[in-house]
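In what follows, a single structure is set out as structure tokens and then discussed.
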Amino acid sequence: MATIKVKLRCPEKPGEAGAVYYLVIHEKKSRRIPTDYQVFTDEWNEKRQMVVTSPKSARRDEVLAIRERIRQDVERINKVVYGFEMKGLIYTVDDVVEEFNRCTEECSLFNFMEKVIARLKQNGKVRTAETYRSSLMSLRKFNGGDELMLDSVTPDMMECYEGWLRGQGKAANTVSFYTRIVRAVYNRAVEQGIIEDRHPFRRVYTGVDKTVKRALPLRILKKIKTMDLSEDHELDFARDMFMLSFYLRGMSFIDMAYLRKSDRKCGYVIYRRRKTGQLLTIKWTEEMAGILKKYPENTTEYLFPILRRAGRNERYAYRNVAYSVNKNLKKIAEKIDLSVPLTLYVARHSWASVARQRGVPVSVISEGMGHDSEMTTHIYLASLDNSVVDNANRKVMKALE
């Protein structure tokens with residue numbers, strides 16, 4: 001059976017760090033597996049084949065992290081050897097090294113996440129892929145850019161990551177957003193048999209806190225609607241996009257951006273939500289037309305003046321416009337001394353809130369906003385007639401008059 005030893009290549013000059021490597025020995029042959037781990041001679045115990053440190057060492061945390069990575073590497077090499085032995089295979093020392101290198105690449109959390117992201121994009125789930133990319137970038141930053149292995153995802157590691165996120169000023173729901181994505185990736189790796197499930201998420205928060213109320217009262221909505229912003233085009237545009245979202249039953253900004261001219265026909269806007277794929281029909285009103293008339297006709301296929309240049313990276317352009325609009329909405333909030341953060345998403349919450357205040361049933365609000373996750377509603381109400389929802393929208397807009 002092959003044996004593994006942990007060795008330190010002595011530094012060439014005094015005071016320099018040496019490199020840790022693994023020596024795999026089998027049938028009187030040996031091969032080295034190099035690592036990037038650098039330790040000093042006083043941090044190495046040759047007899048125990050282990051890096052050591054003292055409580056007062058300035059490198060204590062770094063050395064302990066290296067020791068943990070070495071432990072995981074050796075465990076992975078032994079697992080390879082054990083696999084060969086259990087299958088009764090005749091193997092060489094080169095086979096051990098080759099299989100270890102293959103497993104190391106396969107067990108890289110970052111490599112695995114890249115593959116998941118690529119698959120999501122291939123399946124047309126671009127927005128989900130972007131959230132996974134955001135989580136990947138967060139993990140890289142957390143780990144200082146160093147590689148992170150799937151079997152390094154332990155309860156302790158996830159607790160450290162959660163604490164690091166909170167230390168970055170992230171809210172509870174944002175922390176949960178990242179940890180849930182890591183959990184989803186980890187579960188995929190478990191399903192594919194790459195790693196065994198060690199239940200690393202049992203001590204971190206993966207729920208969803210009740211969010212702070214985002215809906216605006218009618219008097220504030222009226223104030224935003226009637227503000228004179230004619231001398232500031234950017235603020236005026238931000239306000240118009242906010243009100244358009246409100247008039248369109250809280251339509252998300254990404255759906256507004258990709259709404260095509262061909263989606264408006266026979267006095268209605270007919271489109272599918274990008275988030276759920278649900279088909280929605282909204283009556284085109286004078287309020288919507290009034291805002292659209294303020295701007296030159298979009299030369300692209302899109303209805304609203306959000307994506308205005310054909311042939312450009314639309315996702316990049318959309319993010320830029322969304323960022324700009326939200327930034328200017330915050331300026332509008334400052335002008336009216338609004339304490340609640342004003343964003344495009346507030347328009348969606350506000351439509352639902354005003355509709356409810358005007359006596360519109362929850363089931364109608366759910367249908368109007370395209371909530372396919374309103375399980376209670378859909379148990380007894382399969383679908384609403386569009387005229388019912390349009391009537392609800394008229395009630396909401398009439399409240400602003």
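Residues in the structure tokens are numbered from 1 in each chain, the chains being A, B, ... in the order shown, and ligands are numbered from 1 in the order shown.
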Find the residues around region 339-345 of chain A up to 8 Å (only C-alpha atoms counted), leave out those fewer than 3 positions away in its own chain, and share them as a PyMOL selection string. chain A and resi 214+241-242+245+250+252-253+325-326+329-330+333+348-349
Secondary structure check, strand (DSSP E or B) residues of region 269-311 of chain A, as number ranges by chain: A: 269-272, 279-283, 302
Those residues you just picked out, can you put them in a file as an mmCIF file, in the first residue's frame with all heavy atoms?
data_model
loop_
_atom_site.group_PDB
_atom_site.id
_atom_site.type_symbol
_atom_site.label_atom_id
_atom_site.label_comp_id
_atom_site.auth_asym_id
_atom_site.auth_seq_id
_atom_site.Cartn_x
_atom_site.Cartn_y
_atom_site.Cartn_z
ATOM 1 N N VAL A 269 -50.297 45.600 -23.124
ATOM 2 C CA VAL A 269 -48.908 45.144 -23.097
ATOM 3 C C VAL A 269 -48.948 43.681 -22.690
ATOM 4 O O VAL A 269 -49.489 43.340 -21.634
ATOM 5 C CB VAL A 269 -48.062 45.951 -22.081
ATOM 6 C CG1 VAL A 269 -46.698 45.298 -21.896
ATOM 7 C CG2 VAL A 269 -47.899 47.385 -22.553
ATOM 8 N N ILE A 270 -48.406 42.829 -23.525
ATOM 9 C CA ILE A 270 -48.422 41.384 -23.257
ATOM 10 C C ILE A 270 -46.967 40.904 -23.221
ATOM 11 O O ILE A 270 -46.231 41.036 -24.203
ATOM 12 C CB ILE A 270 -49.205 40.622 -24.340
ATOM 13 C CG1 ILE A 270 -50.635 41.180 -24.445
ATOM 14 C CG2 ILE A 270 -49.235 39.128 -24.036
ATOM 15 C CD1 ILE A 270 -51.430 40.621 -25.618
ATOM 16 N N TYR A 271 -46.548 40.362 -22.095
ATOM 17 C CA TYR A 271 -45.149 39.950 -21.954
ATOM 18 C C TYR A 271 -45.029 38.801 -20.953
ATOM 19 O O TYR A 271 -45.977 38.508 -20.220
ATOM 20 C CB TYR A 271 -44.297 41.132 -21.471
ATOM 21 C CG TYR A 271 -44.463 41.456 -19.999
ATOM 22 C CD1 TYR A 271 -43.473 41.114 -19.073
ATOM 23 C CD2 TYR A 271 -45.618 42.085 -19.518
ATOM 24 C CE1 TYR A 271 -43.623 41.398 -17.721
ATOM 25 C CE2 TYR A 271 -45.770 42.384 -18.179
ATOM 26 C CZ TYR A 271 -44.767 42.032 -17.279
ATOM 27 O OH TYR A 271 -44.920 42.305 -15.942
ATOM 28 N N ARG A 272 -43.866 38.191 -20.935
ATOM 29 C CA ARG A 272 -43.579 37.141 -19.961
ATOM 30 C C ARG A 272 -42.550 37.651 -18.962
ATOM 31 O O ARG A 272 -41.539 38.229 -19.347
ATOM 32 C CB ARG A 272 -43.037 35.873 -20.633
ATOM 33 C CG ARG A 272 -44.087 35.110 -21.415
ATOM 34 C CD ARG A 272 -43.585 33.742 -21.851
ATOM 35 N NE ARG A 272 -44.612 33.027 -22.610
ATOM 36 C CZ ARG A 272 -45.583 32.322 -22.057
ATOM 37 N NH1 ARG A 272 -45.649 32.206 -20.729
ATOM 38 N NH2 ARG A 272 -46.479 31.714 -22.801
ATOM 39 N N LEU A 279 -46.949 34.595 -18.180
ATOM 40 C CA LEU A 279 -47.490 35.521 -19.167
ATOM 41 C C LEU A 279 -48.440 36.504 -18.484
ATOM 42 O O LEU A 279 -49.365 36.105 -17.779
ATOM 43 C CB LEU A 279 -48.236 34.751 -20.255
ATOM 44 C CG LEU A 279 -48.806 35.579 -21.411
ATOM 45 C CD1 LEU A 279 -47.666 36.191 -22.237
ATOM 46 C CD2 LEU A 279 -49.698 34.720 -22.299
ATOM 47 N N LEU A 280 -48.184 37.803 -18.689
ATOM 48 C CA LEU A 280 -49.019 38.841 -18.096
ATOM 49 C C LEU A 280 -49.555 39.768 -19.180
ATOM 50 O O LEU A 280 -48.875 40.030 -20.178
ATOM 51 C CB LEU A 280 -48.229 39.664 -17.074
ATOM 52 C CG LEU A 280 -47.747 38.924 -15.820
ATOM 53 C CD1 LEU A 280 -46.924 39.858 -14.950
ATOM 54 C CD2 LEU A 280 -48.913 38.362 -15.041
ATOM 55 N N THR A 281 -50.759 40.268 -18.966
ATOM 56 C CA THR A 281 -51.384 41.209 -19.889
ATOM 57 C C THR A 281 -51.808 42.444 -19.109
ATOM 58 O O THR A 281 -52.546 42.339 -18.126
ATOM 59 C CB THR A 281 -52.609 40.577 -20.573
ATOM 60 O OG1 THR A 281 -52.204 39.396 -21.280
ATOM 61 C CG2 THR A 281 -53.247 41.563 -21.547
ATOM 62 N N ILE A 282 -51.341 43.625 -19.543
ATOM 63 C CA ILE A 282 -51.628 44.875 -18.842
ATOM 64 C C ILE A 282 -52.228 45.870 -19.833
ATOM 65 O O ILE A 282 -51.691 46.061 -20.929
ATOM 66 C CB ILE A 282 -50.342 45.478 -18.239
ATOM 67 C CG1 ILE A 282 -49.673 44.482 -17.286
ATOM 68 C CG2 ILE A 282 -50.642 46.789 -17.510
ATOM 69 C CD1 ILE A 282 -48.336 44.947 -16.756
ATOM 70 N N LYS A 283 -53.299 46.510 -19.433
ATOM 71 C CA LYS A 283 -53.931 47.514 -20.289
ATOM 72 C C LYS A 283 -53.023 48.735 -20.392
ATOM 73 O O LYS A 283 -52.523 49.239 -19.402
ATOM 74 C CB LYS A 283 -55.288 47.917 -19.738
ATOM 75 C CG LYS A 283 -56.087 48.809 -20.677
ATOM 76 C CD LYS A 283 -57.463 49.070 -20.127
ATOM 77 C CE LYS A 283 -58.284 49.935 -21.083
ATOM 78 N NZ LYS A 283 -58.448 49.329 -22.418
ATOM 79 N N TYR A 302 -36.829 47.823 -28.649
ATOM 80 C CA TYR A 302 -37.416 47.929 -27.323
ATOM 81 C C TYR A 302 -38.304 49.153 -27.192
ATOM 82 O O TYR A 302 -38.075 50.191 -27.801
ATOM 83 C CB TYR A 302 -36.317 47.932 -26.257
ATOM 84 C CG TYR A 302 -35.485 46.675 -26.295
ATOM 85 C CD1 TYR A 302 -34.132 46.708 -26.637
ATOM 86 C CD2 TYR A 302 -36.061 45.436 -26.023
ATOM 87 C CE1 TYR A 302 -33.380 45.555 -26.696
ATOM 88 C CE2 TYR A 302 -35.313 44.268 -26.076
ATOM 89 C CZ TYR A 302 -33.974 44.331 -26.417
ATOM 90 O OH TYR A 302 -33.238 43.186 -26.481
#
Which one of A:Ala19, A:Lys223, A:Glu68, A:Gly144 sits closest to Trp44 (chain A) if you count only C-alpha atoms?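 Distance minimum relative to Trp44 (chain A) lands on A:Ala19.
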Would you mind listing, for every residue of region 18-61 of chain A within 10 Å of region 70-94 of chain A, the two atoms forming the shortest contact and the distance between them in Å to one decimal, using only C-alpha atoms, sorted by chain and ascending residue number, as a Markdown table?
| residue | atom | partner | partner_atom | distance |
| --- | --- | --- | --- | --- |
| A:Val20 | CA | A:Ile70 | CA | 8.8 |
| A:Tyr21 | CA | A:Ile70 | CA | 9.3 |
| A:Tyr22 | CA | A:Val74 | CA | 8.1 |
| A:Leu23 | CA | A:Val93 | CA | 10.0 |
| A:Val24 | CA | A:Val93 | CA | 6.7 |
| A:Ile25 | CA | A:Val93 | CA | 6.5 |
| A:His26 | CA | A:Val93 | CA | 5.5 |
| A:Glu27 | CA | A:Thr92 | CA | 7.7 |
| A:Lys28 | CA | A:Val93 | CA | 9.3 |
| A:Lys29 | CA | A:Val93 | CA | 6.8 |
| A:Ser30 | CA | A:Val93 | CA | 6.5 |
| A:Arg31 | CA | A:Val93 | CA | 6.7 |
| A:Arg32 | CA | A:Val93 | CA | 9.8 |
| A:Thr35 | CA | A:Ile70 | CA | 9.1 |
| A:Tyr37 | CA | A:Ile70 | CA | 8.6 |
| A:Met50 | CA | A:Ile70 | CA | 8.5 |
| A:Val51 | CA | A:Ile70 | CA | 9.0 |
If you run DSSP on this backbone, which residues of region 177-388 of chain A come out as alpha helix (DSSP H), and could you give them as an MDAnalysis selection string? chainID A and resid 177:191 218:226 233:247 253:257 286:293 314:335 344:357 362:369 375:380 386:388
Do you have the CA of Ile332 (chain A)-CA of Met227 (chain A) distance handy?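 Spanning CA of Ile332 (chain A) to CA of Met227 (chain A) is a straight-line distance of 9.2 Å.
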Name the residues in contact with Asn298 (chain A) at a cut-off of 12 Å, using only C-alpha atoms, excluding same-chain residues fewer than 6 positions from it; report them as a ChimeraX atom specification. /A:257,259-261,292,304-310
Give the answer as one residue: which of A:Val362, A:Val126, A:Ile194, A:Leu148 has the shortest atom-to-atom distance to Glu314 (chain A), using only C-alpha atoms?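 Between A:Val362, A:Val126, A:Ile194, A:Leu148, the residue approaching Glu314 (chain A) most closely is A:Val126.
Proximity ranking of A:Phe201, A:Phe177, A:Ser135, A:Phe246 relative to Glu159 (chain A) places A:Phe201 first, based on only C-alpha atoms.
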Looking at only C-alpha atoms, which of A:Thr299, A:Gly311, A:Val39, A:Tyr318 is the one that sits closest to Asp255 (chain A)?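 Closest candidate: A:Tyr318.
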Just the number, please: distance in Å from CA of Thr285 (chain A) to CA of Glu231 (chain A), one decimal.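 Distance reported for this atom pair: 26.2 Å.
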With distances taken over only C-alpha atoms, which residue among A:Asn328, A:Asn143, A:Thr276, A:Thr104 lies nearest Leu235 (chain A)?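 Closest residue, counting only C-alpha atoms: A:Asn328.
Comparing A:Ser108, A:Leu303, A:Gly368, A:Val175 by their smallest distance to Arg273 (chain A), the closest is A:Gly368 (using only C-alpha atoms).
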Could you please determine the separation between CA of Gln168 (chain A) and CA of Gly207 (chain A) in Å, to one decimal place?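 Computing the Euclidean distance for CA of Gln168 (chain A) and CA of Gly207 (chain A) yields 19.1 Å.
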